Structure formats: C-alpha cells, structure tokens
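**Q** Below is one structure. I have some questions about it.
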Number of protein chains: 4
Amino acid sequence: MKVGVVGASGYTGELLVQLLIRHPAVELAVVTSRAHAGKPLSAVIPMLRGADRGLVFVDSDPAALAASDCALFFLALPHGAAATYARALVAAGKRVIDLSADFRIADLETYTRYYGEHQAPELLPHARYVLPEITAPSWRAQAKLVAAPGCYPTSILVPLVPLLRAGLVSREHIVANSFSGVSGAGKKAEEAYLYVERAESAKAYGLTSHRHLAEIEEQLSLAVSEWEAALASRAADARPAQAHKTGQPLAIQFNPHLAPMRRGIATTITVPAAPGASLDALRAVWAAAYAEAPFVQLLAEGQTPDTAHVVGTNRIDIAAAYDPRTRNFVLTSAEDNLLKGAGGQAVQIMNLWCGFAETAGLA
Amino acid sequence: MKVGVVGASGYTGELLVQLLIRHPAVELAVVTSRAHAGKPLSAVIPMLRGADRGLVFVDSDPAALAASDCALFFLALPHGAAATYARALVAAGKRVIDLSADFRIADLETYTRYYGEHQAPELLPHARYVLPEITAPSWRAQAKLVAAPGCYPTSILVPLVPLLRAGLVSREHIVANSFSGVSGAGKKAEEAYLYVERAESAKAYGLTSHRHLAEIEEQLSLAVSEWEAALASRAADARPAQAHKTGQPLAIQFNPHLAPMRRGIATTITVPAAPGASLDALRAVWAAAYAEAPFVQLLAEGQTPDTAHVVGTNRIDIAAAYDPRTRNFVLTSAEDNLLKGAGGQAVQIMNLWCGFAETAGLA
Amino acid sequence: MKVGVVGASGYTGELLVQLLIRHPAVELAVVTSRAHAGKPLSAVIPMLRGADRGLVFVDSDPAALAASDCALFFLALPHGAAATYARALVAAGKRVIDLSADFRIADLETYTRYYGEHQAPELLPHARYVLPEITAPSWRAQAKLVAAPGCYPTSILVPLVPLLRAGLVSREHIVANSFSGVSGAGKKAEEAYLYVERAESAKAYGLTSHRHLAEIEEQLSLAVSEWEAALASRAADARPAQAHKTGQPLAIQFNPHLAPMRRGIATTITVPAAPGASLDALRAVWAAAYAEAPFVQLLAEGQTPDTAHVVGTNRIDIAAAYDPRTRNFVLTSAEDNLLKGAGGQAVQIMNLWCGFAETAGLA
Amino acid sequence: MKVGVVGASGYTGELLVQLLIRHPAVELAVVTSRAHAGKPLSAVIPMLRGADRGLVFVDSDPAALAASDCALFFLALPHGAAATYARALVAAGKRVIDLSADFRIADLETYTRYYGEHQAPELLPHARYVLPEITAPSWRAQAKLVAAPGCYPTSILVPLVPLLRAGLVSREHIVANSFSGVSGAGKKAEEAYLYVERAESAKAYGLTSHRHLAEIEEQLSLAVSEWEAALASRAADARPAQAHKTGQPLAIQFNPHLAPMRRGIATTITVPAAPGASLDALRAVWAAAYAEAPFVQLLAEGQTPDTAHVVGTNRIDIAAAYDPRTRNFVLTSAEDNLLKGAGGQAVQIMNLWCGFAETAGLA
C-alpha cells in the first residue's frame, strides 16, 4: 500500500517519515514540503543518510495528491492548513490521518474559541478523533478522516478516561501537570527555544488556556457521559422514573511546562477518588481496559514512569498511587511526545485502519 | 565574626562554604568533614581552586567546636546526625543554623512519623523554623537554634502562606507539583543518579509520602490558624458568643519530580480561590507581604518563573494566574534548590540573626 | 538461528539485547547476567517493557551454554572475563563474537602491557579483529572467534586506514581527539559519573595511555605495512635490488574526552598530507573503499559529522578538510558509541558471518 | 569611577553588565542597546531582577557617550561595529576596552583577510592586545584602547605562549582542539542553535579557517620571536656574526567543536616537545610564568581541567602530560567562555588598567 506525507518538515513530520520508510507493510511514495521541494530526504533529515530510499521532497498541490495512487495520506501541516488537502483527498476516497488539531474537536464552537475559524467544517461529520486504546473501534468503519490526538492529551486521556468511565474518580478538582521536552514546541528559530535558553531551565507556560484543553475536556466529558449513561441504565432498572444526570461540561486544570530535554512528556494527574474507590479497583479497571493494548504498560505499585524509558518507543507507561490523607489518586504517565504523542500514534492508527498488525513498524 | 560549617561535603555544604568564604562580614574559620579531614578545601571543591583561603577540612568533635571562638555554626549533616553537635554548641552559647530537617518540625509525633526517633527533643523549644520572608521576626530574639527550611517547602510556602493568612485560597484540594534538579538528591554514588540515567529523563518520585510534607503542612496549618484567629477576632466583635473554627490539620497533594538539570526547582501550585477572591487581590497580598523582601520577585501578569533565571542567585520568583473556568489560582515559583532552597537561605538567616545587611554576601 | 548474550547488563549489553530481540533472522534464546539472574529482561531493561518476548536472565556457566542449541554467542563481559566462556564455546564449535578487548590484539606482549596477563592466549590464532568495512573478508572463513573493535578505535580507523593503505597521509604526527558520551564509561555507580558531575562538563582523560591505543596502533601499523608492501612490489619492478622499508611501529597521539551527553563519539584526526596528496584524491580513496559500505556515509565538502545525526543508527559519518597553510588533512567522524562502536557493529559482524543481509536488524 | 557598556545585549554583554553592577570599585552608569532602548536591565536580563540598580538601556550615540562623565567604556558590539564608538571615545580621552576582534590583530593585511576591511585602522597604533597573564605590563601606560582576546585564543595562548617563549616546544605540528559551549555562538535565533539541534550533539565546525586563527597565530609568532631573540642574543655572545633566525609566520591546526553545554571551553593542544624538553621543565616554566597570576591554576600531574570546575569563575585551569612514545606534550585547559574568555577578562583588564586589585569584582 502506498502512502504519502504532506508537510514533512519539522520534528513530527521528520520522525513520521522515518517510521514509514521502515514500515514493512507500506511504501512511502510521496513526501511534500514547500520549503524543501527538490531536496533529497537525507539532505533535510540527516538521520536518513544512506537510508532515504532515494526519496525527494516534492511541492505538491492537493489535486495532484488526490490523483496519485497513494491510498492513505498523513497531514503534518500547521493548524488551519490541512483543510484544502483534507477536502481534496477525502473527496478522492483517500484515507486521511491528520496530525493537526483541525479535526480533533467535534464541537465547532469550542474549536472556534481555541483555534479560530474552522476551514473545513463540512468534513467534521466524517472525521473521528482516534486514540486507539480509548476510542471505540467503530471508527475504523465510519471514519473518512482520522484526527490523531495531541501529545499532552494522549498523556492525560490514557490514564484518566477508563477511570471516569468506571466512575472511580471525581470529575471536579482534576489537576494535570505535564512536563515536556522542547521538541514539543516545534522547529521554530525563536530565541526562546535556543539551546542556551532552554538548557538547565524548567518553567510553566500556557497556564489556564492551552489549546489542548479543547480536546482533553471534550474527551473527558464523553467519558463522564458514558458513566452517567451506565448509571442511568442501572438506575432505570430500579427506579424507572429517575432521569440520569446529564453530562455537564468538565473543566480541568492543565499546567504544561517546558523541560530541559529534547523529547518526552511526563504527566502527573491529581484527582479525588470517588467514594469507595480503591487503588486495587483502579488497577483492575486499567488492567481490563488495556489488557489488549500493546503500547500501554501498567507499572507495578511503587513504580513511576520515566520518560527515558519510553522515548524512542511508541509506548506510554502509566502508574497510580493513592493518598489516604487527601483521598486523591495520583496518576502518572510517560510517553515520547513525537511517537505515542504524534507520529507513532498516527502509524498505529494506520495499522488498525488498514488491517495491519497494530505494532507493525512500531517495534 | 567567625563561623564554622559542620559536615561540609555534599552539594549543599560545598556551596555554603563558597558563600561564606566570600562573605564580607564573616570569617569562615572551621570546616569539618569526616571523609575529607586533612584535605585543603580546593582539593575537594574544585570551584575553590586558588580561592580557598588556605582552609583545610578538619575532623572535629562537638566539644572542640563548642570551645572554639566561632560565634555561629552551620550544620550541614545528614538528618539525624545533628543532635550531638546541636546540643554541645547551643549549650556553649553558639548560634546554630541547621540545614537538616531535625529541628524543622514543632510537633514531635509528626517528626517521628516521617523521620524516626528524634535525637535531641529537649532542644525543640529553643529551635525556630525560619523562612525569613514568612516567619515573624521574633525568632531573632527567641531562637537559640534555627532550622533552615527544605528546598521544596520554600518553593511552596513563599507563594502560598500569605494567601492562606489572608483567606484568599481554600485549604482543601491544594496540589503542589515540583520539578527539581538532580543535585537535590545529594552526592550519592548510586545508579539512579548517574548521568546516563538522569539525562533526558523526567519522572515523579516520592508520591504521597515525601518527608517534606511534614514541614509544609505544619507551616500551612499555622497560616490557616492565623487566618482563623483573625476571622474569630472579627467575628467576636460582631457575635461575641461564636467560637472560631479551630485549625484543622491540613493535607496537600505534593508531587515531586526529578528533572534533567543540575539545579533549580520549579513549583506549580493549583488551589481553589476562596469565594470572592480575585487575581488583583492576590497580587496585592503578595505585594504587601513581600514589599521589603529583597529575594522575592513578583513577576508581571502573563509571566512565569524560569529556573534558569534564578539559579546562581538567592532569589525566588513567583507568579499567579486565575482560571475562571475552574476557579483555581495557579501559583508558580522558581528557585535555586542549593541557594534559596538551602545554603543561600541559611546565609540570609545568619545575616538577619547577626544584624548584617540581609543581602550581605548574597548579591 | 538461535543466539545468546553472555553478560547482558550494562549499557552495551542492554542495547545489544534490544537489537537481537528485534532481529528478523535470529532468535535470542539465552541472556545471562549474574547480577540479574531470574529477573525478566524488562525488569532490568525498562525500554523492553511489553517487548521482551518473555525472556528471563539466567546465570549460566560456560558448559551449559556450550551444550545449548545456540549457534552463536555474544560475549559482553568485562575485560579479562571472557576467557572461560570463549574457550568452552569455541571448543563446542559455537561462533563467538567478543565485545571486550581480550582478543583484539594480535601481539601478546602489547596486550599484556595494556591489559595485563592474557587469560586465553591459545585462542588468539583463531581470533580475528573485525571492523567489517576495513578487515579483508577472509575472516568469515578463518575466524572461530571474532573480536569486535572498541568504540574510539572504530571512529579513528574508519577514516584513517584507507588513507594509510593508499599512502595519502603521513604515519607521523597523527593526532586523534575524541569526544564521547558518558555511556562509554559504563554503568558504574561512581561519583565521577553522577549526573551533577557530568552535566555541563567537558574534560580530557586517559591522555597518552588509553588502552584503546593498543588496537588502534596495531591496526594502523597493518595499514602502513600494506602500503609499504605495495610500494615495495612496485619498486621491485623498477629497482629489483631495493629492499622495501619495513613497517615500523606507529605511535599516535590519542586524546579522549568526556562530553556532557549520553551517547555518541565525535572524533577529529589531524594528520599531515603525504607529498602530492590532495583532498580530491582523499575523497576518491574513501569513495572507493566505502562504495559498498551501507553504514559509512561520506559527507559533502564543507559538512562535518554530528553525533546527533548518527546516534540511534549503526552509521558512521565521515568528512575531510585540507589546510594548505599547515598541509594537514583534518578528518572528522561521528558514531553512536553503543551501536557502531559496540553492539550494532557486533550484529553487523554476525550478519556477515552468518550470511544474512549486512543491514539485517540494523535499519 | 563611572563606566559604561556599549551594546550590552547578547550573552557576553549581559554577563559583563552583571559583573560591573556588582563591582566594588566602579559604578555602571550607562548601558546601551539599540534593540532594548528604554527597557530596564532586569526586563532583558532576568538574572538581574531586583538587582539592576534601576538601570535602563539607552540608545546612545558616540558623541553623547564621549561627552559623558564615564571614564572607561566596554564595547560589546559585533565585529566591525566598534569603529565609530572607539574613535569618538578615544578622542575624548576615555579608556576603551573592546570585546570584539576589531583591534586584536596588529597586522592589517591579516585582519583584512579574516574579517574584511578595517573600519578604524588609524586607531591600531594606540591599541594593545591584552591577555593579562601573557602581555608585558607596558600596555597599561601605552594603550589608549585595549582589545580583549577571544575565548578560544585565551584557552590556547595561556598554556602555549610561555612554552614557546622558553623554547620548550616545537613551532610546527601544533594541533589545538577545542570544545565550546553553545553560548560561544551568540544569541542568534537560528535553527542550528535550537535546543533540540544542539542537545546530545557534538560536532566540529570552522575547520582550517576559523577567524580566531588570526590572533592566535599572531600571538604565537610573537612568542616564537621572543625565543629567537633570546637565542640570538645568546648566540651573539658566542658567535657575534651569526644573524638570528627571523621569526617565520606560524601556522597551527585549530579544530573548534560545539559541545552540548551552555558555557565552557575545553582545549587540548598536542605539540612536539623540543629536544631535551621534559615535563618537569615545562611545569617549572608554567610555575614561573604564572606564579603571580590569580586566575591561572596549574593542576597536579595526572589531573585534567574540567569546564564544570571553572564555569562561573574567571579562572583558567591548565595541565600538561608528556608522551614518551610520540615525544609530544599534551596541554589541556578549561575556562568559562563568557568569563575568562570574554567579560571576566575584560573586567580583569580594567582592574589592572585602573589600578584596582586584579581580582576586584571577580571573586
């Protein structure tokens, strides 16, 4: 199966290209980049010296890509830029996996509030937000366009969603602190991202209003709704007249930080335990939710995830602790922001969508 | 004035020695270290080559130190080891500043629960926990022994205490996440602290039970008590029969993390705002509390502290944001764990105790 | 084909295990480690969580390994420890690839001078030092035991050997400066290798007497001998009575340094050009020598290798410059000390020895 | 004494400003920066929060500075930009210390070859290149303008010059390899200097043609000339008719590298020993040359300098080894590129020029 990558410069795009070149079931046939059109891949991605299959960046327009014989395209463009490509490719029946935020939010008003005017709202009904371990598998049949989740959201949703669905944690007073390597900021030649500025430096940023809140809260709200629906159906058996509590919008405190490392996200979520919830129950819910998930590792009690153990893999490690003094659960996760947080997850989505082994090309 | 440092090897002790050697108002006369007795300072602290004033480590016993002509001693020994020295020195009328946790906790039962049996409980009435910007100045007259606060606690108490005293924040659902440079773990030749293990690595540790909780919660509880007393006195005017609410023990979620850097602590505290509390009110409380504090810098709105801007100084930068969606305040701070978090604060304490300029030797 | 790794703890061994687990043509059947016997691989190598094929470290003795059905063994033991294993395995007809220095030096007196008494000198005639791009292919038929080269030597020999063989550079006044990531020192819990000691630190070490000089100079002398033999045969045609100059022992200045990074070696070699040698001639020699070498990349003029571009790959990038003022060539190389400098090269050797594609498992 | 800094943004200028603010004998009265005119120092240099003496950047023209009551100015402008300021200030009788390369080279043709057309050649006779430990003290009376040496040159000249003056080392086959922290490249928002590009990265650059060769070779040639003059005067006694060998231009191999650290330069120089020269003789020459040099530390045999031990100080540590196999000396040095390599040395020059203690403000 031939695939293409649109907008392949930048840290995410470059790593995605490297994954696809080595993927046993696909042939990377097209790689586009306006800035580097005409250059060999290895001239721009030194990691690929001697291993770029002779591929050259092209400057391609949507129509040409739609007419090509690639069956699936990855869009690795900046937010707002995917629309024209998405439109043409979906219309031509190509499968599209978008790494930007453009199709992650189902609610148009929320999207507009965080990202501005949506460039292709007519595609939203055909789009699905897919975090493979979380999203019900019906997406594989329904989606024409898949939105790969953001890096921070992945690190928060994987630990938290099963627990909200099971009613094990409160929906209030959720605090998620994340600590990211600098590659998360992209390959921008700005003073703030210079080596001398970022080495030996840790600082919070984007407090209270980071764009990732849009998809984090939408997904967490869905999980709460599932719990409430389950409650309601149980309640219905016993008390048929009782209406279930409708899903209320959920608001969390999300505190991102820049860390003096290149890759990796370490996330620590503090959330009050639901009455009667125990650490054993939590671990059982995780075990059940992720029994078949090759890329989620549940650590033993007492262990905590370490970004150094996951960077370079498509894995997310998770752990939980319970504090009887505060009655909070403290959930921790670690992932590679460029792999499980971006390109690796996109390839995992392709594998599931196209019927390959879920781990193909991601060992 | 002659001073001495007991137990001067290790990152904290070595930096304290460097500060004292350069201090304009004191003469560092004695530096003890069992492991390095007999060696010149510069042989163990390469930063001091050519600048160690010819000082040599000695292996000194408490009696000898008590009989010396040093007026003040810093104890930089591991927890539990200070007792014998503290006893002898206090008895001899020497001023003692202890950098360990041994005299930080007023409540003996709390100390025992976190640290084990106290080795010199009879000294506790003469000891004072002194975070200069927080602690009422009466300590200067009352203390015979001063306990310098821990690194993480400093980064949490400076932002939070004035707000609890002013009743601007809730006492519940407080979550403090801290990221620390590896020097905070000490100079231990253990695999976990090897360069290859810690570079490009971020991970949580010590969740729910870090020893620093003892002093953090004791100090925060004191702040809450002050607020409640203030409330009660106001209430008494209006409703004389109403008893004020007694201070309840406070429990916070404290989540420490190791960061891939040598020095620095970045702390982010999420805490619900009290009803009616505004960001302007918070900033006004900080401005009033720290107007005369040369080492506390209140950043402008929109800014966040960066460890790279404070490491090498005795400064702690603080900032605040308010999230109307969650009604939380998000407080951030950054300090150098070895300076404001340890040796620098100890020198600041000495300056205040002995009548020097507060900033002497700490520019 | 089943393979085993003896002594698989430590940075080199752990990475070798990861390569073999993913190798398409072999099955890693045995992994030994005295310290970790009984533990699953993933318990010791966190990178392998969920991907360790259920393998468990065993504490195995040479006889048991020799009796197993593994066809080839990698020895990743400390210097001097390989002897017993090598003896038993070679006697049993197993192929052995040794990552220590024990069989790298042909001259026993040289080995003894640098490493001490040799533990299995009777095996030396059956051993071959194999740097695949340099060593004549006859080793594949002749060797019973292959010594994989050291990390620094690889970075020096790859650029230099073809040039000495072609008589393009002087054999005198060779200066090789190398800059290595800290993993090259091994996983030793020693103060010198702590994060706080090595971060932001660059320093020379092992000057004038680093053990790697033994194999570097032996291999460079062989290259010089080949050149001299070629000269002699040409001379014989013209002047039959002229004896060729016998190979003299070659001595280079090798200056290793520790760099504040985890992996990678950057080497810069300064060597006088032979009379009449030009940069074009040098590049032509390299191009011819490495035309079929998938892991050697010759950079364009003006480019210099960067460890960040090779770490994680089995590649060594090389470049050359000429300085007409000094008439020196300046040769630069970059490799991953744990891959091309150790485990990756060992797998490459296995591939060639066993008839697999040279790049198998090393993409 | 009032002083000013012209062009105070950038890593060098910012650190120089911090040194002068704390200097006990001068008052920093003027700080200019076109880009930041009007901003408080602490707004641009966060390290100076709460400690910037209320100073504000000004956009000042040479005439205004010349008319001010500052007695001495530091020029921290890019190469080629100092001319107008130097001219006006020298004409007004101000002392000028220039941190650029503009007045470092005595030979105009050499300067032009490396830097382009000189903007103020008429000032050259009044300028002196001053490396305090190396340059004869007559500069203090003669200079109207002092050129502070470059960072790499300092690290090479301090070890090498006394040895050339004493005839202990060859003038040929000198190879100097240097590893520098990224701050040496300046605060330029270019992709090459981004954190993600430079972390875990070591690479050579500027091979064979780095601009610093101009001053390095000029200074080394001067040292050789002094040796030859000494030889000649001795020879004259014996053979009065023999002309001494005239100083030939000296060419060295200088190989700079970027290292994954913020600050520091580690330099390793390989140079053949002169016939009969011994390591003891070398150490004696160093001891004599630097007996009164507070900022040069000669390490014990077997030790090598470490940038982590000098960064933050104005010190340069040096060490030497001798290799009897190659008959080379290997000289090593470590300094802070922003202190002894730039701003610290400039302050040291001011101290000597103005009669302050040499170490004033540089403890």
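Following the order of the structure tokens, first chain is A, next is B, and so on, with residues numbered from 1 inside each chain and ligands from 1 in the order they appear.
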Tell me, as a list of chain:residue names, which residues lie within 9 Å of Lys188 (chain C), counting only C-alpha atoms; anything in the same chain fewer than 4 positions away does not count.
**A**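 With the cut-off at 9 Å, the set is B:Ala189, B:Glu190, B:Glu191, B:Leu194, C:Gly10, C:Tyr193.
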**Q** Do a neighbour search on Met1 (chain D) at 8 Å with only C-alpha atoms, toss out local chain neighbours closer than 4 positions, and write the hits as a list in words.
**A** Ala25, Val26, Glu27, Cys70 and Ala71 of chain D
**Q** May I have the residues of chain D within 7 Å of chain C, counting only C-alpha atoms, written as a PyMOL selection string?
**A** chain D and resi 173+200-205+208+251-253+260-262+266+304-308+323+325-326
**Q** Quote the spacing between CA of Arg49 (chain A) and CA of Asn314 (chain C) in Å to one decimal place.
**A**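 Computing it gives 11.2 Å between the two atoms.
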**Q** Within 12 Å of Ala288 (chain A), counting only C-alpha atoms, which residues qualify if same-chain residues fewer than 5 places away don't, as a PyMOL selection string?
**A** chain A and resi 133+162-163+166+281-283+293+296+298
**Q** Can you pull out the residues contacting Val31 (chain B)? Cut-off 7 Å, using only C-alpha atoms, and skip same-chain residues under 5 positions away; I want them as a PyMOL selection string.
**A** chain B and resi 4-6+8+57-58
